[in-house]
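Listing of my_file.cif, mmCIF, N, CA and C atoms
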```cif
data_run
#
loop_
_atom_site.label_atom_id
_atom_site.label_comp_id
_atom_site.auth_asym_id
_atom_site.auth_seq_id
_atom_site.Cartn_x
_atom_site.Cartn_y
_atom_site.Cartn_z
N MET U 19 0.84 -1.17 0.00
CA MET U 19 0.00 0.00 0.00
C MET U 19 0.89 1.24 0.00
N ASP U 20 0.59 2.20 -0.83
CA ASP U 20 1.40 3.41 -0.90
C ASP U 20 0.50 4.64 -0.80
N LEU U 21 1.09 5.80 -0.97
CA LEU U 21 0.32 7.04 -0.85
C LEU U 21 -0.75 7.16 -1.92
N LEU U 22 -0.54 6.52 -3.06
CA LEU U 22 -1.58 6.54 -4.08
C LEU U 22 -2.84 5.82 -3.59
N ASP U 23 -2.66 4.73 -2.83
CA ASP U 23 -3.81 4.04 -2.26
C ASP U 23 -4.55 4.93 -1.28
N VAL U 24 -3.82 5.75 -0.53
CA VAL U 24 -4.45 6.69 0.39
C VAL U 24 -5.26 7.70 -0.41
N HIS U 25 -4.66 8.18 -1.51
CA HIS U 25 -5.34 9.18 -2.33
C HIS U 25 -6.59 8.59 -2.99
N ARG U 26 -6.53 7.33 -3.40
CA ARG U 26 -7.67 6.68 -4.05
C ARG U 26 -8.76 6.27 -3.06
N GLY U 27 -8.46 6.33 -1.78
CA GLY U 27 -9.48 5.99 -0.80
C GLY U 27 -9.34 4.61 -0.20
N ALA U 28 -8.29 3.86 -0.58
CA ALA U 28 -8.10 2.53 -0.01
C ALA U 28 -7.76 2.61 1.48
N MET U 29 -7.16 3.72 1.87
CA MET U 29 -6.81 3.95 3.28
C MET U 29 -7.06 5.42 3.56
N SER U 30 -7.62 5.69 4.72
CA SER U 30 -7.87 7.09 5.05
C SER U 30 -6.58 7.75 5.53
N TRP U 31 -6.54 9.09 5.44
CA TRP U 31 -5.39 9.84 5.93
C TRP U 31 -5.25 9.63 7.43
N ARG U 32 -6.37 9.51 8.14
CA ARG U 32 -6.33 9.27 9.59
C ARG U 32 -5.65 7.94 9.89
N ARG U 33 -6.00 6.90 9.12
CA ARG U 33 -5.40 5.58 9.32
C ARG U 33 -3.89 5.63 9.07
N LEU U 34 -3.48 6.35 8.04
CA LEU U 34 -2.05 6.50 7.75
C LEU U 34 -1.35 7.21 8.91
N ARG U 35 -1.96 8.28 9.43
CA ARG U 35 -1.37 9.01 10.57
C ARG U 35 -1.24 8.10 11.77
N VAL U 36 -2.26 7.31 12.05
CA VAL U 36 -2.22 6.39 13.21
C VAL U 36 -1.12 5.35 13.02
N LEU U 37 -0.98 4.83 11.83
CA LEU U 37 0.08 3.84 11.57
C LEU U 37 1.46 4.45 11.79
N ILE U 38 1.66 5.68 11.31
CA ILE U 38 2.96 6.33 11.48
C ILE U 38 3.22 6.64 12.94
N GLN U 39 2.20 7.11 13.65
CA GLN U 39 2.37 7.46 15.07
C GLN U 39 2.73 6.25 15.92
N HIS U 40 2.34 5.07 15.51
CA HIS U 40 2.59 3.88 16.32
C HIS U 40 3.80 3.07 15.85
N LEU U 41 4.59 3.65 14.96
CA LEU U 41 5.85 3.00 14.60
C LEU U 41 6.80 3.08 15.80
N PRO U 42 7.74 2.15 15.92
CA PRO U 42 8.70 2.24 17.03
C PRO U 42 9.58 3.46 16.88
N PRO U 43 10.07 4.02 18.01
CA PRO U 43 10.88 5.24 17.95
C PRO U 43 12.12 5.11 17.08
N GLU U 44 12.67 3.90 16.95
CA GLU U 44 13.90 3.74 16.17
C GLU U 44 13.63 3.44 14.70
N SER U 45 12.36 3.53 14.26
CA SER U 45 12.04 3.26 12.85
C SER U 45 12.67 4.32 11.95
N ALA U 46 12.82 3.96 10.68
CA ALA U 46 13.41 4.89 9.72
C ALA U 46 12.55 6.14 9.56
N THR U 47 11.24 5.99 9.63
CA THR U 47 10.35 7.15 9.48
C THR U 47 10.54 8.13 10.61
N TRP U 48 10.51 7.65 11.87
CA TRP U 48 10.67 8.55 13.02
C TRP U 48 12.08 9.14 13.05
N THR U 49 13.07 8.35 12.67
CA THR U 49 14.44 8.86 12.63
C THR U 49 14.55 10.00 11.62
N ALA U 50 13.94 9.84 10.45
CA ALA U 50 13.97 10.90 9.45
C ALA U 50 13.24 12.14 9.94
N LEU U 51 12.11 11.97 10.61
CA LEU U 51 11.36 13.12 11.15
C LEU U 51 12.17 13.84 12.22
N ARG U 52 12.82 13.07 13.10
CA ARG U 52 13.63 13.69 14.16
C ARG U 52 14.83 14.42 13.58
N ASN U 53 15.48 13.80 12.60
CA ASN U 53 16.66 14.42 11.99
C ASN U 53 16.30 15.70 11.24
N ALA U 54 15.07 15.82 10.80
CA ALA U 54 14.63 17.02 10.09
C ALA U 54 14.12 18.10 11.05
N ALA U 55 13.95 17.76 12.32
CA ALA U 55 13.42 18.71 13.29
C ALA U 55 14.46 19.78 13.61
N PRO U 56 14.01 21.04 13.77
CA PRO U 56 14.95 22.11 14.14
C PRO U 56 15.50 21.89 15.56
N GLU U 57 16.67 22.46 15.82
CA GLU U 57 17.32 22.31 17.12
C GLU U 57 16.44 22.82 18.26
N GLU U 58 15.66 23.88 18.01
CA GLU U 58 14.80 24.44 19.07
C GLU U 58 13.76 23.42 19.51
N VAL U 59 13.20 22.69 18.55
CA VAL U 59 12.20 21.67 18.87
C VAL U 59 12.83 20.54 19.68
N LEU U 60 14.02 20.11 19.27
CA LEU U 60 14.71 19.04 20.00
C LEU U 60 15.07 19.48 21.41
N ALA U 61 15.51 20.74 21.57
CA ALA U 61 15.84 21.25 22.90
C ALA U 61 14.60 21.28 23.78
N GLU U 62 13.46 21.69 23.21
CA GLU U 62 12.22 21.72 23.99
C GLU U 62 11.80 20.32 24.41
N GLN U 63 11.94 19.35 23.51
CA GLN U 63 11.60 17.97 23.83
C GLN U 63 12.54 17.41 24.89
N ALA U 64 13.81 17.79 24.84
CA ALA U 64 14.76 17.33 25.86
C ALA U 64 14.40 17.92 27.21
N ASN U 65 13.98 19.19 27.23
CA ASN U 65 13.59 19.82 28.50
C ASN U 65 12.33 19.21 29.07
N ASN U 66 11.45 18.75 28.19
CA ASN U 66 10.19 18.15 28.66
C ASN U 66 10.35 16.68 29.00
N GLY U 67 11.53 16.13 28.81
CA GLY U 67 11.79 14.74 29.17
C GLY U 67 11.03 13.74 28.33
N ASP U 68 11.05 13.91 27.02
CA ASP U 68 10.33 13.01 26.13
C ASP U 68 11.33 12.28 25.23
N PRO U 69 12.03 11.25 25.77
CA PRO U 69 13.10 10.61 24.99
C PRO U 69 12.60 9.89 23.74
N GLU U 70 11.29 9.57 23.67
CA GLU U 70 10.79 8.90 22.48
C GLU U 70 10.89 9.80 21.26
N LYS U 71 10.93 11.13 21.48
CA LYS U 71 11.01 12.06 20.36
C LYS U 71 12.46 12.48 20.11
N ASP U 72 13.39 11.78 20.69
CA ASP U 72 14.80 12.08 20.55
C ASP U 72 15.34 11.40 19.30
N ARG U 73 16.58 11.71 18.95
CA ARG U 73 17.20 11.10 17.76
C ARG U 73 17.72 9.70 18.06
N TRP U 74 17.73 9.31 19.30
CA TRP U 74 18.20 7.98 19.66
C TRP U 74 17.02 7.11 20.08
N SER U 75 17.19 5.80 19.90
CA SER U 75 16.18 4.86 20.38
C SER U 75 16.41 4.63 21.88
N LYS U 76 15.50 3.93 22.51
CA LYS U 76 15.65 3.61 23.93
C LYS U 76 16.89 2.76 24.17
N ALA U 77 17.17 1.85 23.23
CA ALA U 77 18.35 0.99 23.38
C ALA U 77 19.63 1.82 23.38
N GLU U 78 19.69 2.83 22.54
CA GLU U 78 20.88 3.68 22.50
C GLU U 78 21.02 4.51 23.77
N HIS U 79 19.89 4.99 24.31
CA HIS U 79 19.93 5.72 25.58
C HIS U 79 20.41 4.81 26.71
N LEU U 80 19.92 3.57 26.74
CA LEU U 80 20.35 2.63 27.78
C LEU U 80 21.83 2.31 27.64
N LEU U 81 22.30 2.15 26.42
CA LEU U 81 23.72 1.87 26.21
C LEU U 81 24.58 3.06 26.65
N ALA U 82 24.15 4.27 26.35
CA ALA U 82 24.90 5.46 26.78
C ALA U 82 24.91 5.55 28.31
N ALA U 83 23.77 5.25 28.95
CA ALA U 83 23.72 5.28 30.42
C ALA U 83 24.67 4.23 31.00
N ALA U 84 24.73 3.04 30.40
CA ALA U 84 25.64 2.00 30.88
C ALA U 84 27.09 2.42 30.73
N VAL U 85 27.43 3.03 29.60
CA VAL U 85 28.80 3.49 29.38
C VAL U 85 29.16 4.58 30.39
N ASP U 86 28.23 5.50 30.64
CA ASP U 86 28.48 6.57 31.63
C ASP U 86 28.73 5.98 33.02
N ARG U 87 27.95 4.98 33.38
CA ARG U 87 28.12 4.38 34.72
C ARG U 87 29.41 3.59 34.82
N ILE U 88 29.78 2.91 33.76
CA ILE U 88 31.05 2.18 33.78
C ILE U 88 32.21 3.16 33.89
N ALA U 89 32.14 4.27 33.18
CA ALA U 89 33.20 5.29 33.26
C ALA U 89 33.27 5.85 34.68
N ARG U 90 32.12 6.03 35.32
CA ARG U 90 32.10 6.55 36.70
C ARG U 90 32.72 5.53 37.66
N VAL U 91 32.42 4.25 37.50
CA VAL U 91 33.02 3.21 38.34
C VAL U 91 34.52 3.17 38.14
N GLU U 92 34.97 3.29 36.89
CA GLU U 92 36.41 3.31 36.60
C GLU U 92 37.06 4.52 37.29
N TYR U 93 36.40 5.67 37.23
CA TYR U 93 36.92 6.88 37.87
C TYR U 93 37.05 6.69 39.38
N VAL U 94 36.03 6.14 40.01
CA VAL U 94 36.06 5.91 41.45
C VAL U 94 37.16 4.91 41.81
N LEU U 95 37.32 3.89 41.00
CA LEU U 95 38.37 2.89 41.24
C LEU U 95 39.76 3.52 41.14
N ILE U 96 39.95 4.37 40.15
CA ILE U 96 41.25 5.05 40.01
C ILE U 96 41.49 5.97 41.20
N CYS U 97 40.46 6.73 41.60
CA CYS U 97 40.61 7.65 42.74
C CYS U 97 40.90 6.88 44.03
N ALA U 98 40.26 5.74 44.21
CA ALA U 98 40.47 4.96 45.43
C ALA U 98 41.87 4.37 45.50
N ASN U 99 42.49 4.13 44.35
CA ASN U 99 43.82 3.53 44.32
C ASN U 99 44.93 4.53 44.00
N THR U 100 44.61 5.81 44.02
CA THR U 100 45.60 6.85 43.77
C THR U 100 46.11 7.35 45.11
N ASP U 101 47.40 7.61 45.17
CA ASP U 101 48.00 8.16 46.38
C ASP U 101 47.30 9.46 46.76
N LYS U 102 47.09 9.70 48.06
CA LYS U 102 46.36 10.88 48.51
C LYS U 102 47.01 12.18 48.07
N LYS U 103 48.32 12.20 47.92
CA LYS U 103 49.01 13.42 47.53
C LYS U 103 49.08 13.59 46.02
N ALA U 104 48.77 12.56 45.28
CA ALA U 104 48.85 12.62 43.81
C ALA U 104 47.60 13.33 43.26
N ARG U 105 47.76 13.89 42.09
CA ARG U 105 46.64 14.56 41.43
C ARG U 105 45.65 13.52 40.91
N ARG U 106 44.41 13.73 41.23
CA ARG U 106 43.37 12.81 40.75
C ARG U 106 42.90 13.24 39.37
N PRO U 107 42.45 12.30 38.57
CA PRO U 107 41.96 12.67 37.23
C PRO U 107 40.64 13.42 37.33
N ASP U 108 40.31 14.13 36.27
CA ASP U 108 39.01 14.81 36.22
C ASP U 108 37.91 13.75 36.10
N PRO U 109 36.73 14.03 36.68
CA PRO U 109 35.62 13.07 36.55
C PRO U 109 35.24 12.91 35.08
N PRO U 110 34.72 11.76 34.70
CA PRO U 110 34.38 11.54 33.29
C PRO U 110 33.18 12.39 32.88
N GLU U 111 33.21 12.82 31.64
CA GLU U 111 32.08 13.56 31.08
C GLU U 111 31.07 12.54 30.55
N PRO U 112 29.78 12.76 30.80
CA PRO U 112 28.79 11.83 30.24
C PRO U 112 28.73 11.96 28.72
N ILE U 113 28.30 10.91 28.08
CA ILE U 113 28.12 10.94 26.63
C ILE U 113 27.02 11.94 26.31
N CYS U 114 27.27 12.81 25.34
CA CYS U 114 26.27 13.80 24.95
C CYS U 114 25.08 13.10 24.30
N ARG U 115 23.90 13.45 24.76
CA ARG U 115 22.68 12.91 24.17
C ARG U 115 22.11 13.90 23.17
N PRO U 116 21.55 13.41 22.08
CA PRO U 116 20.94 14.32 21.11
C PRO U 116 19.77 15.08 21.75
N GLY U 117 19.69 16.35 21.45
CA GLY U 117 18.61 17.15 21.99
C GLY U 117 18.85 17.65 23.39
N ALA U 118 19.90 17.21 24.02
CA ALA U 118 20.21 17.65 25.38
C ALA U 118 21.32 18.68 25.33
N ARG U 119 21.21 19.66 26.16
CA ARG U 119 22.24 20.69 26.22
C ARG U 119 23.48 20.15 26.92
N PRO U 120 24.66 20.60 26.51
CA PRO U 120 25.87 20.16 27.22
C PRO U 120 25.87 20.72 28.63
N PRO U 121 26.52 20.03 29.57
CA PRO U 121 26.54 20.53 30.94
C PRO U 121 27.22 21.88 31.02
N ARG U 122 26.71 22.72 31.90
CA ARG U 122 27.28 24.06 32.09
C ARG U 122 28.61 23.94 32.83
N PRO U 123 29.58 24.74 32.43
CA PRO U 123 30.83 24.73 33.18
C PRO U 123 30.60 25.32 34.57
N LYS U 124 31.37 24.85 35.53
CA LYS U 124 31.23 25.35 36.90
C LYS U 124 31.68 26.81 36.95
N ALA U 125 30.90 27.60 37.65
CA ALA U 125 31.22 29.02 37.77
C ALA U 125 32.43 29.20 38.69
N ALA U 126 33.34 30.07 38.29
CA ALA U 126 34.52 30.36 39.11
C ALA U 126 34.22 31.56 40.00
N LEU U 127 34.78 31.57 41.18
CA LEU U 127 34.60 32.67 42.11
C LEU U 127 35.59 33.77 41.77
N THR U 128 35.06 34.92 41.35
CA THR U 128 35.91 36.06 41.01
C THR U 128 36.19 36.88 42.27
N ASP U 129 37.10 37.83 42.16
CA ASP U 129 37.41 38.71 43.30
C ASP U 129 36.18 39.52 43.71
N ALA U 130 35.44 40.03 42.73
CA ALA U 130 34.23 40.81 43.04
C ALA U 130 33.20 39.93 43.73
N GLY U 131 33.04 38.70 43.24
CA GLY U 131 32.10 37.77 43.86
C GLY U 131 32.54 37.40 45.27
N ALA U 132 33.84 37.24 45.47
CA ALA U 132 34.36 36.92 46.80
C ALA U 132 34.10 38.07 47.77
N ASP U 133 34.24 39.32 47.30
CA ASP U 133 33.96 40.48 48.15
C ASP U 133 32.49 40.52 48.55
N VAL U 134 31.60 40.28 47.59
CA VAL U 134 30.17 40.27 47.89
C VAL U 134 29.84 39.17 48.89
N LEU U 135 30.40 37.99 48.68
CA LEU U 135 30.16 36.87 49.59
C LEU U 135 30.71 37.19 50.98
N PHE U 136 31.88 37.78 51.06
CA PHE U 136 32.46 38.15 52.35
C PHE U 136 31.55 39.13 53.08
N ASN U 137 31.04 40.14 52.36
CA ASN U 137 30.14 41.12 52.98
C ASN U 137 28.84 40.48 53.45
N LEU U 138 28.31 39.55 52.67
CA LEU U 138 27.07 38.86 53.06
C LEU U 138 27.28 38.00 54.31
N ILE U 139 28.41 37.31 54.36
CA ILE U 139 28.70 36.45 55.51
C ILE U 139 28.88 37.30 56.78
N ASN U 140 29.46 38.47 56.63
CA ASN U 140 29.72 39.32 57.78
C ASN U 140 28.57 40.28 58.08
N GLY U 141 27.39 39.99 57.56
CA GLY U 141 26.20 40.75 57.91
C GLY U 141 25.95 41.97 57.05
N GLY U 142 26.69 42.17 56.02
CA GLY U 142 26.50 43.32 55.16
C GLY U 142 25.41 43.05 54.14
N ALA U 143 24.84 44.08 53.59
CA ALA U 143 23.83 43.93 52.56
C ALA U 143 24.51 43.93 51.20
N ALA U 144 23.90 43.25 50.28
CA ALA U 144 24.48 43.15 48.94
C ALA U 144 24.29 44.42 48.16
#
```
Full structure transcribed into structure tokens:
Amino acid sequence: MDLLDVHRGAMSWRRLRVLIQHLPPESATWTALRNAAPEEVLAEQANNGDPEKDRWSKAEHLLAAAVDRIARVEYVLICANTDKKARRPDPPEPICRPGARPPRPKAALTDAGADVLFNLINGGAA
């Protein structure tokens, strides 16, 4: 059955929409739709926590989560077996997920920020 059958009335447009909506997330159709989506739409879907509308299937998300956890266990094992005076490695970065924003870098305390914090701690107003 093809789109001509839909046009001829063999299948309704509603039936076609329902069939497409119920395809698995990793199907070629959904992958093509996700890959064509603008970055703003993907960012909104990532913020709303809707991984089914992501560019990855559930299996790929689970695999990325497993890799992240293994990297974290490796990091903890290295830290536990490193001399206390030796420099420890940086914690592992998680695998970037499609549609998710990269983690924000940690804010550094500037001299001006330190002065404001000192005044607040000592009872001063900001």
Q | One-decimal distance in Å that lies between atom C of Lys103 (chain U) and atom N of Ala89 (chain U) | A |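 We find that atom N of Ala89 (chain U) and atom C of Lys103 (chain U) lie 23.2 Å from each other.
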**Q.** Atom-to-atom span, CA of Glu111 (chain U) and CA of Leu95 (chain U), Å
**A.**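 Distance reported for this atom pair: 16.0 Å.
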Q.
I'd like the interatomic distance between atom C of Ile113 (chain U) and atom C of Asn53 (chain U), to a tenth of an Å.
A.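 About the pair atom C of Ile113 (chain U) and atom C of Asn53 (chain U): they are 18.9 Å apart.
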Step by step, gather every atom of region 53-63 of chain U that the file lists, find the box along x, y and z that holds them, add 6 Å on each side, and finally give centre and edge lengths in Å to one decimal, as JSON.
```
{"center_x": 14.5, "center_y": 19.1, "center_z": 17.5, "size_x": 17.7, "size_y": 22.6, "size_z": 26.8}
```
(Q) What would the selection look like, as a list in words, if the PyMOL selection byres (((chain U and resi 45-48 and name CA) around 12) and name CA) were run on the coordinates I just shared? (A)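 Taken on the displayed file, the PyMOL selection byres (((chain U and resi 45-48 and name CA) around 12) and name CA) yields the residues Arg35, Leu37, Ile38, Gln39, His40, Leu41, Pro42, Pro43, Glu44, Thr49, Ala50, Leu51, Arg52, Asn53, Ala54, Ala55, Glu70, Lys71, Asp72, Arg73, Trp74, Ser75 and Lys76 of chain U.
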Taking N, CA and C atoms for each residue, export the selection above as a compact mmCIF listing (two decimals), in the frame of the given file.
```txt
# COMPACT_ATOMS: atom_id res chain seq x y z
N ARG U 35 -1.96 8.28 9.43
CA ARG U 35 -1.37 9.01 10.57
C ARG U 35 -1.24 8.10 11.77
N LEU U 37 -0.98 4.83 11.83
CA LEU U 37 0.08 3.84 11.57
C LEU U 37 1.46 4.45 11.79
N ILE U 38 1.66 5.68 11.31
CA ILE U 38 2.96 6.33 11.48
C ILE U 38 3.22 6.64 12.94
N GLN U 39 2.20 7.11 13.65
CA GLN U 39 2.37 7.46 15.07
C GLN U 39 2.73 6.25 15.92
N HIS U 40 2.34 5.07 15.51
CA HIS U 40 2.59 3.88 16.32
C HIS U 40 3.80 3.07 15.85
N LEU U 41 4.59 3.65 14.96
CA LEU U 41 5.85 3.00 14.60
C LEU U 41 6.80 3.08 15.80
N PRO U 42 7.74 2.15 15.92
CA PRO U 42 8.70 2.24 17.03
C PRO U 42 9.58 3.46 16.88
N PRO U 43 10.07 4.02 18.01
CA PRO U 43 10.88 5.24 17.95
C PRO U 43 12.12 5.11 17.08
N GLU U 44 12.67 3.90 16.95
CA GLU U 44 13.90 3.74 16.17
C GLU U 44 13.63 3.44 14.70
N THR U 49 13.07 8.35 12.67
CA THR U 49 14.44 8.86 12.63
C THR U 49 14.55 10.00 11.62
N ALA U 50 13.94 9.84 10.45
CA ALA U 50 13.97 10.90 9.45
C ALA U 50 13.24 12.14 9.94
N LEU U 51 12.11 11.97 10.61
CA LEU U 51 11.36 13.12 11.15
C LEU U 51 12.17 13.84 12.22
N ARG U 52 12.82 13.07 13.10
CA ARG U 52 13.63 13.69 14.16
C ARG U 52 14.83 14.42 13.58
N ASN U 53 15.48 13.80 12.60
CA ASN U 53 16.66 14.42 11.99
C ASN U 53 16.30 15.70 11.24
N ALA U 54 15.07 15.82 10.80
CA ALA U 54 14.63 17.02 10.09
C ALA U 54 14.12 18.10 11.05
N ALA U 55 13.95 17.76 12.32
CA ALA U 55 13.42 18.71 13.29
C ALA U 55 14.46 19.78 13.61
N GLU U 70 11.29 9.57 23.67
CA GLU U 70 10.79 8.90 22.48
C GLU U 70 10.89 9.80 21.26
N LYS U 71 10.93 11.13 21.48
CA LYS U 71 11.01 12.06 20.36
C LYS U 71 12.46 12.48 20.11
N ASP U 72 13.39 11.78 20.69
CA ASP U 72 14.80 12.08 20.55
C ASP U 72 15.34 11.40 19.30
N ARG U 73 16.58 11.71 18.95
CA ARG U 73 17.20 11.10 17.76
C ARG U 73 17.72 9.70 18.06
N TRP U 74 17.73 9.31 19.30
CA TRP U 74 18.20 7.98 19.66
C TRP U 74 17.02 7.11 20.08
N SER U 75 17.19 5.80 19.90
CA SER U 75 16.18 4.86 20.38
C SER U 75 16.41 4.63 21.88
N LYS U 76 15.50 3.93 22.51
CA LYS U 76 15.65 3.61 23.93
C LYS U 76 16.89 2.76 24.17
```
